[in-house]
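Trainee: One structure follows; several queries about it will come next.
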Amino acid sequence: MSSSVYRIYCFEKLAVTVEGVDFADPALADEPDVRERGVRLELRGLSESAEAGSIYSSRAAWLSRGICRFDLLESRPHAADRMHWHPEMSDGEPGERVFDPALSADPIAWMARALRDVGPLLRRAGLDPAAHAGDVTAMAESAGEITDVVAKILAEARKPWPEVTRDERGLAQINM
């Protein structure tokens, strides 16, 4: 699993990012199961440049910090013991963790349901789903494609874990 793989699904005003993560949880630094590995999915705002340019120019787009985050993390392969989500985020930092037994029991089905009905997530983040109607529809239509990628990254993360070194933030650097 490469933690450098970062997938971005862009819609009208929203985006979904999906990445494999492998890190040492600083909150568990003195415990034996400090490593967390899995998939992080975030719902983010998206804006594009108003600059027209020629027909050949590429458009510039910017992702905002996360609106909400889903961490499909495990302390060992198939443990499903650290799967949670953050319904609120402030300036990119996650708020409270919400552990839902249904998320741990079937993370892919849970994520698919959340992406097919993103309205409640937007309302919880203080956004009006009606103002994002195109995003809501497109995300629902893309839920299967996105969760297929999530499932592949999670399956890779559940393979035997390689030895790693850590950078200054605790992120894994795979030893080759």
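Chain labels follow the order of the structure tokens: the first chain is A, the next B, and so on; residue numbering restarts at 1 in every chain, and ligands are counted from 1 in their shown order.
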Run DSSP on the backbone and tell me which residues of region 17-128 of chain A come out as strand (DSSP E); list them as number ranges by chain.
Mentor: A: 17-24, 35-48, 61-74, 84-86, 89-90, 93-94
Trainee: Considering only C-alpha atoms, state which residue in the set A:Leu63, A:Leu73, A:Leu14, A:Val5 is at the smallest distance from Gly134 (chain A).
Mentor: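 Nearest to Gly134 (chain A): A:Leu14.
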Trainee: Just want the 10 Å neighbourhood of region 85-90 of chain A, counted on only C-alpha atoms, with same-chain residues fewer than 4 positions away dropped. Output as a PDB file with all heavy atoms, in the first residue's frame.
Mentor:
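This went into around18.pdb:
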ATOM      1  N   ARG A  40      -8.442   6.782   4.481  1.00  0.00           N
ATOM      2  CA  ARG A  40      -9.055   8.043   4.921  1.00  0.00           C
ATOM      3  C   ARG A  40      -9.811   8.622   3.735  1.00  0.00           C
ATOM      4  O   ARG A  40      -9.278   8.768   2.648  1.00  0.00           O
ATOM      5  CB  ARG A  40      -7.985   9.021   5.393  1.00  0.00           C
ATOM      6  CG  ARG A  40      -8.547  10.405   5.711  1.00  0.00           C
ATOM      7  CD  ARG A  40      -7.557  11.243   6.466  1.00  0.00           C
ATOM      8  NE  ARG A  40      -7.468  10.701   7.820  1.00  0.00           N
ATOM      9  CZ  ARG A  40      -6.426  10.890   8.622  1.00  0.00           C
ATOM     10  NH1 ARG A  40      -5.382  11.590   8.202  1.00  0.00           N
ATOM     11  NH2 ARG A  40      -6.417  10.374   9.828  1.00  0.00           N
ATOM     12  N   LEU A  41     -11.073   8.963   3.976  1.00  0.00           N
ATOM     13  CA  LEU A  41     -11.919   9.587   2.962  1.00  0.00           C
ATOM     14  C   LEU A  41     -12.415  10.901   3.552  1.00  0.00           C
ATOM     15  O   LEU A  41     -12.844  10.935   4.704  1.00  0.00           O
ATOM     16  CB  LEU A  41     -13.087   8.656   2.644  1.00  0.00           C
ATOM     17  CG  LEU A  41     -14.023   9.081   1.526  1.00  0.00           C
ATOM     18  CD1 LEU A  41     -14.481   7.864   0.756  1.00  0.00           C
ATOM     19  CD2 LEU A  41     -15.210   9.843   2.050  1.00  0.00           C
ATOM     20  N   GLU A  42     -12.316  11.974   2.775  1.00  0.00           N
ATOM     21  CA  GLU A  42     -12.798  13.272   3.240  1.00  0.00           C
ATOM     22  C   GLU A  42     -13.729  13.902   2.213  1.00  0.00           C
ATOM     23  O   GLU A  42     -13.504  13.793   1.012  1.00  0.00           O
ATOM     24  CB  GLU A  42     -11.647  14.243   3.497  1.00  0.00           C
ATOM     25  CG  GLU A  42     -10.865  13.928   4.742  1.00  0.00           C
ATOM     26  CD  GLU A  42      -9.810  14.962   5.069  1.00  0.00           C
ATOM     27  OE1 GLU A  42      -9.507  15.843   4.234  1.00  0.00           O
ATOM     28  OE2 GLU A  42      -9.290  14.895   6.188  1.00  0.00           O
ATOM     29  N   ARG A  65     -10.112  22.655   2.949  1.00  0.00           N
ATOM     30  CA  ARG A  65      -9.880  21.660   4.001  1.00  0.00           C
ATOM     31  C   ARG A  65     -11.142  20.820   4.146  1.00  0.00           C
ATOM     32  O   ARG A  65     -12.217  21.189   3.683  1.00  0.00           O
ATOM     33  CB  ARG A  65      -9.558  22.368   5.303  1.00  0.00           C
ATOM     34  CG  ARG A  65      -8.351  23.265   5.180  1.00  0.00           C
ATOM     35  CD  ARG A  65      -7.346  22.866   6.147  1.00  0.00           C
ATOM     36  NE  ARG A  65      -6.188  23.752   6.109  1.00  0.00           N
ATOM     37  CZ  ARG A  65      -4.998  23.312   6.393  1.00  0.00           C
ATOM     38  NH1 ARG A  65      -4.815  22.064   6.714  1.00  0.00           N
ATOM     39  NH2 ARG A  65      -3.973  24.126   6.374  1.00  0.00           N
ATOM     40  N   GLY A  66     -11.022  19.676   4.819  1.00  0.00           N
ATOM     41  CA  GLY A  66     -12.139  18.758   4.948  1.00  0.00           C
ATOM     42  C   GLY A  66     -13.347  19.337   5.654  1.00  0.00           C
ATOM     43  O   GLY A  66     -13.218  20.126   6.583  1.00  0.00           O
ATOM     44  N   ILE A  67     -14.528  18.920   5.195  1.00  0.00           N
ATOM     45  CA  ILE A  67     -15.799  19.245   5.823  1.00  0.00           C
ATOM     46  C   ILE A  67     -16.130  18.162   6.838  1.00  0.00           C
ATOM     47  O   ILE A  67     -16.613  18.433   7.928  1.00  0.00           O
ATOM     48  CB  ILE A  67     -16.913  19.357   4.763  1.00  0.00           C
ATOM     49  CG1 ILE A  67     -16.616  20.518   3.813  1.00  0.00           C
ATOM     50  CG2 ILE A  67     -18.280  19.482   5.412  1.00  0.00           C
ATOM     51  CD1 ILE A  67     -17.476  20.521   2.561  1.00  0.00           C
ATOM     52  N   CYS A  68     -15.886  16.907   6.461  1.00  0.00           N
ATOM     53  CA  CYS A  68     -15.995  15.782   7.374  1.00  0.00           C
ATOM     54  C   CYS A  68     -15.042  14.692   6.896  1.00  0.00           C
ATOM     55  O   CYS A  68     -14.610  14.692   5.738  1.00  0.00           O
ATOM     56  CB  CYS A  68     -17.429  15.283   7.519  1.00  0.00           C
ATOM     57  SG  CYS A  68     -18.148  14.593   6.025  1.00  0.00           S
ATOM     58  N   ARG A  69     -14.684  13.788   7.806  1.00  0.00           N
ATOM     59  CA  ARG A  69     -13.666  12.766   7.520  1.00  0.00           C
ATOM     60  C   ARG A  69     -14.153  11.403   7.998  1.00  0.00           C
ATOM     61  O   ARG A  69     -14.807  11.284   9.027  1.00  0.00           O
ATOM     62  CB  ARG A  69     -12.376  13.116   8.256  1.00  0.00           C
ATOM     63  CG  ARG A  69     -11.297  12.052   8.130  1.00  0.00           C
ATOM     64  CD  ARG A  69     -10.079  12.388   8.950  1.00  0.00           C
ATOM     65  NE  ARG A  69      -9.391  13.520   8.351  1.00  0.00           N
ATOM     66  CZ  ARG A  69      -8.382  14.173   8.941  1.00  0.00           C
ATOM     67  NH1 ARG A  69      -7.970  13.829  10.131  1.00  0.00           N
ATOM     68  NH2 ARG A  69      -7.813  15.177   8.329  1.00  0.00           N
ATOM     69  N   PHE A  70     -13.754  10.380   7.240  1.00  0.00           N
ATOM     70  CA  PHE A  70     -14.043   8.991   7.581  1.00  0.00           C
ATOM     71  C   PHE A  70     -12.715   8.251   7.632  1.00  0.00           C
ATOM     72  O   PHE A  70     -11.978   8.227   6.642  1.00  0.00           O
ATOM     73  CB  PHE A  70     -14.961   8.363   6.523  1.00  0.00           C
ATOM     74  CG  PHE A  70     -16.204   9.179   6.302  1.00  0.00           C
ATOM     75  CD1 PHE A  70     -16.234  10.173   5.332  1.00  0.00           C
ATOM     76  CD2 PHE A  70     -17.325   8.968   7.076  1.00  0.00           C
ATOM     77  CE1 PHE A  70     -17.369  10.940   5.143  1.00  0.00           C
ATOM     78  CE2 PHE A  70     -18.466   9.743   6.883  1.00  0.00           C
ATOM     79  CZ  PHE A  70     -18.481  10.732   5.913  1.00  0.00           C
ATOM     80  N   ASP A  71     -12.398   7.674   8.772  1.00  0.00           N
ATOM     81  CA  ASP A  71     -11.143   6.939   8.958  1.00  0.00           C
ATOM     82  C   ASP A  71     -11.453   5.461   9.114  1.00  0.00           C
ATOM     83  O   ASP A  71     -12.000   5.034  10.138  1.00  0.00           O
ATOM     84  CB  ASP A  71     -10.386   7.450  10.188  1.00  0.00           C
ATOM     85  CG  ASP A  71      -9.714   8.786   9.949  1.00  0.00           C
ATOM     86  OD1 ASP A  71      -9.216   8.996   8.840  1.00  0.00           O
ATOM     87  OD2 ASP A  71      -9.666   9.599  10.891  1.00  0.00           O
ATOM     88  N   LEU A  72     -11.119   4.683   8.101  1.00  0.00           N
ATOM     89  CA  LEU A  72     -11.309   3.229   8.141  1.00  0.00           C
ATOM     90  C   LEU A  72      -9.975   2.624   8.547  1.00  0.00           C
ATOM     91  O   LEU A  72      -9.209   2.127   7.717  1.00  0.00           O
ATOM     92  CB  LEU A  72     -11.776   2.718   6.777  1.00  0.00           C
ATOM     93  CG  LEU A  72     -12.981   3.443   6.171  1.00  0.00           C
ATOM     94  CD1 LEU A  72     -13.383   2.796   4.858  1.00  0.00           C
ATOM     95  CD2 LEU A  72     -14.148   3.485   7.139  1.00  0.00           C
ATOM     96  N   PRO A  94      -9.761  17.522  12.603  1.00  0.00           N
ATOM     97  CA  PRO A  94     -10.989  16.777  12.896  1.00  0.00           C
ATOM     98  C   PRO A  94     -11.550  17.102  14.275  1.00  0.00           C
ATOM     99  O   PRO A  94     -10.801  17.349  15.220  1.00  0.00           O
ATOM    100  CB  PRO A  94     -10.532  15.319  12.818  1.00  0.00           C
ATOM    101  CG  PRO A  94      -9.077  15.358  13.129  1.00  0.00           C
ATOM    102  CD  PRO A  94      -8.569  16.670  12.594  1.00  0.00           C
ATOM    103  N   GLY A  95     -12.870  17.100  14.356  1.00  0.00           N
ATOM    104  CA  GLY A  95     -13.563  17.257  15.635  1.00  0.00           C
ATOM    105  C   GLY A  95     -13.698  15.911  16.309  1.00  0.00           C
ATOM    106  O   GLY A  95     -12.875  15.014  16.107  1.00  0.00           O
ATOM    107  N   GLU A  96     -14.765  15.758  17.074  1.00  0.00           N
ATOM    108  CA  GLU A  96     -14.951  14.527  17.837  1.00  0.00           C
ATOM    109  C   GLU A  96     -15.012  13.295  16.932  1.00  0.00           C
ATOM    110  O   GLU A  96     -15.467  13.370  15.791  1.00  0.00           O
ATOM    111  CB  GLU A  96     -16.210  14.611  18.702  1.00  0.00           C
ATOM    112  CG  GLU A  96     -17.461  14.158  17.982  1.00  0.00           C
ATOM    113  CD  GLU A  96     -18.707  14.128  18.847  1.00  0.00           C
ATOM    114  OE1 GLU A  96     -19.340  15.181  18.965  1.00  0.00           O
ATOM    115  OE2 GLU A  96     -19.048  13.044  19.360  1.00  0.00           O
ATOM    116  N   ARG A  97     -14.534  12.188  17.465  1.00  0.00           N
ATOM    117  CA  ARG A  97     -14.621  10.898  16.768  1.00  0.00           C
ATOM    118  C   ARG A  97     -15.964  10.266  17.096  1.00  0.00           C
ATOM    119  O   ARG A  97     -16.388  10.253  18.239  1.00  0.00           O
ATOM    120  CB  ARG A  97     -13.540   9.936  17.260  1.00  0.00           C
ATOM    121  CG  ARG A  97     -12.169  10.255  16.807  1.00  0.00           C
ATOM    122  CD  ARG A  97     -11.217   9.214  17.349  1.00  0.00           C
ATOM    123  NE  ARG A  97      -9.877   9.477  16.855  1.00  0.00           N
ATOM    124  CZ  ARG A  97      -8.843   8.703  17.074  1.00  0.00           C
ATOM    125  NH1 ARG A  97      -8.976   7.603  17.797  1.00  0.00           N
ATOM    126  NH2 ARG A  97      -7.663   9.000  16.588  1.00  0.00           N
ATOM    127  N   VAL A  98     -16.591   9.726  16.066  1.00  0.00           N
ATOM    128  CA  VAL A  98     -17.839   8.998  16.264  1.00  0.00           C
ATOM    129  C   VAL A  98     -17.588   7.561  15.827  1.00  0.00           C
ATOM    130  O   VAL A  98     -17.257   7.306  14.665  1.00  0.00           O
ATOM    131  CB  VAL A  98     -18.999   9.618  15.449  1.00  0.00           C
ATOM    132  CG1 VAL A  98     -20.264   8.774  15.586  1.00  0.00           C
ATOM    133  CG2 VAL A  98     -19.247  11.054  15.891  1.00  0.00           C
ATOM    134  N   PHE A  99     -17.720   6.653  16.776  1.00  0.00           N
ATOM    135  CA  PHE A  99     -17.577   5.235  16.482  1.00  0.00           C
ATOM    136  C   PHE A  99     -18.975   4.662  16.280  1.00  0.00           C
ATOM    137  O   PHE A  99     -19.847   4.834  17.131  1.00  0.00           O
ATOM    138  CB  PHE A  99     -16.863   4.505  17.629  1.00  0.00           C
ATOM    139  CG  PHE A  99     -15.407   4.856  17.732  1.00  0.00           C
ATOM    140  CD1 PHE A  99     -14.981   5.941  18.479  1.00  0.00           C
ATOM    141  CD2 PHE A  99     -14.465   4.097  17.056  1.00  0.00           C
ATOM    142  CE1 PHE A  99     -13.642   6.272  18.570  1.00  0.00           C
ATOM    143  CE2 PHE A  99     -13.118   4.424  17.136  1.00  0.00           C
ATOM    144  CZ  PHE A  99     -12.703   5.509  17.896  1.00  0.00           C
ATOM    145  N   ASP A 100     -19.187   4.023  15.145  1.00  0.00           N
ATOM    146  CA  ASP A 100     -20.482   3.444  14.815  1.00  0.00           C
ATOM    147  C   ASP A 100     -20.242   1.954  14.557  1.00  0.00           C
ATOM    148  O   ASP A 100     -19.486   1.603  13.646  1.00  0.00           O
ATOM    149  CB  ASP A 100     -21.032   4.133  13.561  1.00  0.00           C
ATOM    150  CG  ASP A 100     -22.394   3.635  13.143  1.00  0.00           C
ATOM    151  OD1 ASP A 100     -22.779   2.500  13.526  1.00  0.00           O
ATOM    152  OD2 ASP A 100     -23.080   4.364  12.416  1.00  0.00           O
ATOM    153  N   LEU A 103     -20.322   0.850  11.008  1.00  0.00           N
ATOM    154  CA  LEU A 103     -19.156   1.223  10.194  1.00  0.00           C
ATOM    155  C   LEU A 103     -18.078   0.148  10.304  1.00  0.00           C
ATOM    156  O   LEU A 103     -17.508  -0.275   9.296  1.00  0.00           O
ATOM    157  CB  LEU A 103     -18.612   2.589  10.626  1.00  0.00           C
ATOM    158  CG  LEU A 103     -17.318   3.070   9.968  1.00  0.00           C
ATOM    159  CD1 LEU A 103     -17.453   3.165   8.457  1.00  0.00           C
ATOM    160  CD2 LEU A 103     -16.910   4.420  10.549  1.00  0.00           C
ATOM    161  N   PRO A 120     -27.429  14.817   4.820  1.00  0.00           N
ATOM    162  CA  PRO A 120     -27.265  14.960   6.272  1.00  0.00           C
ATOM    163  C   PRO A 120     -25.843  15.382   6.683  1.00  0.00           C
ATOM    164  O   PRO A 120     -25.678  16.136   7.638  1.00  0.00           O
ATOM    165  CB  PRO A 120     -27.601  13.568   6.813  1.00  0.00           C
ATOM    166  CG  PRO A 120     -28.501  12.980   5.779  1.00  0.00           C
ATOM    167  CD  PRO A 120     -27.992  13.516   4.464  1.00  0.00           C
ATOM    168  N   LEU A 121     -24.838  14.918   5.955  1.00  0.00           N
ATOM    169  CA  LEU A 121     -23.458  15.326   6.254  1.00  0.00           C
ATOM    170  C   LEU A 121     -23.279  16.819   6.002  1.00  0.00           C
ATOM    171  O   LEU A 121     -22.622  17.520   6.787  1.00  0.00           O
ATOM    172  CB  LEU A 121     -22.461  14.533   5.401  1.00  0.00           C
ATOM    173  CG  LEU A 121     -22.447  13.027   5.575  1.00  0.00           C
ATOM    174  CD1 LEU A 121     -21.499  12.393   4.568  1.00  0.00           C
ATOM    175  CD2 LEU A 121     -22.068  12.657   6.996  1.00  0.00           C
ATOM    176  N   LEU A 122     -23.844  17.299   4.901  1.00  0.00           N
ATOM    177  CA  LEU A 122     -23.735  18.721   4.579  1.00  0.00           C
ATOM    178  C   LEU A 122     -24.455  19.572   5.622  1.00  0.00           C
ATOM    179  O   LEU A 122     -23.914  20.587   6.082  1.00  0.00           O
ATOM    180  CB  LEU A 122     -24.287  18.996   3.181  1.00  0.00           C
ATOM    181  CG  LEU A 122     -23.541  18.343   2.020  1.00  0.00           C
ATOM    182  CD1 LEU A 122     -24.251  18.636   0.708  1.00  0.00           C
ATOM    183  CD2 LEU A 122     -22.103  18.795   1.978  1.00  0.00           C
ATOM    184  N   ARG A 124     -25.065  18.842   8.707  1.00  0.00           N
ATOM    185  CA  ARG A 124     -24.299  18.784   9.962  1.00  0.00           C
ATOM    186  C   ARG A 124     -23.089  19.711   9.909  1.00  0.00           C
ATOM    187  O   ARG A 124     -22.665  20.243  10.916  1.00  0.00           O
ATOM    188  CB  ARG A 124     -23.878  17.344  10.243  1.00  0.00           C
ATOM    189  CG  ARG A 124     -23.394  17.126  11.634  1.00  0.00           C
ATOM    190  CD  ARG A 124     -23.385  15.676  11.994  1.00  0.00           C
ATOM    191  NE  ARG A 124     -22.938  15.530  13.364  1.00  0.00           N
ATOM    192  CZ  ARG A 124     -22.999  14.421  14.039  1.00  0.00           C
ATOM    193  NH1 ARG A 124     -23.510  13.351  13.483  1.00  0.00           N
ATOM    194  NH2 ARG A 124     -22.565  14.370  15.280  1.00  0.00           N
ATOM    195  N   ALA A 125     -22.535  19.903   8.712  1.00  0.00           N
ATOM    196  CA  ALA A 125     -21.381  20.791   8.529  1.00  0.00           C
ATOM    197  C   ALA A 125     -21.811  22.245   8.326  1.00  0.00           C
ATOM    198  O   ALA A 125     -20.974  23.104   8.069  1.00  0.00           O
ATOM    199  CB  ALA A 125     -20.548  20.319   7.339  1.00  0.00           C
ATOM    200  N   GLY A 126     -23.118  22.512   8.409  1.00  0.00           N
ATOM    201  CA  GLY A 126     -23.612  23.875   8.268  1.00  0.00           C
ATOM    202  C   GLY A 126     -23.806  24.310   6.829  1.00  0.00           C
ATOM    203  O   GLY A 126     -23.927  25.503   6.550  1.00  0.00           O
TER     204      GLY A 126
END
Trainee: Quick one: of A:Met139, A:Leu127, A:Ile146, A:Val164, who's nearest to Ala109 (chain A), counting only C-alpha atoms?
Mentor: A:Ile146
Trainee: Could you check which of A:Asp148, A:Asp81, A:Glu74, A:Asp91 is closest to Ile108 (chain A), using only C-alpha atoms?
Mentor: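 So, comparing all the options, the nearest one is A:Asp148.
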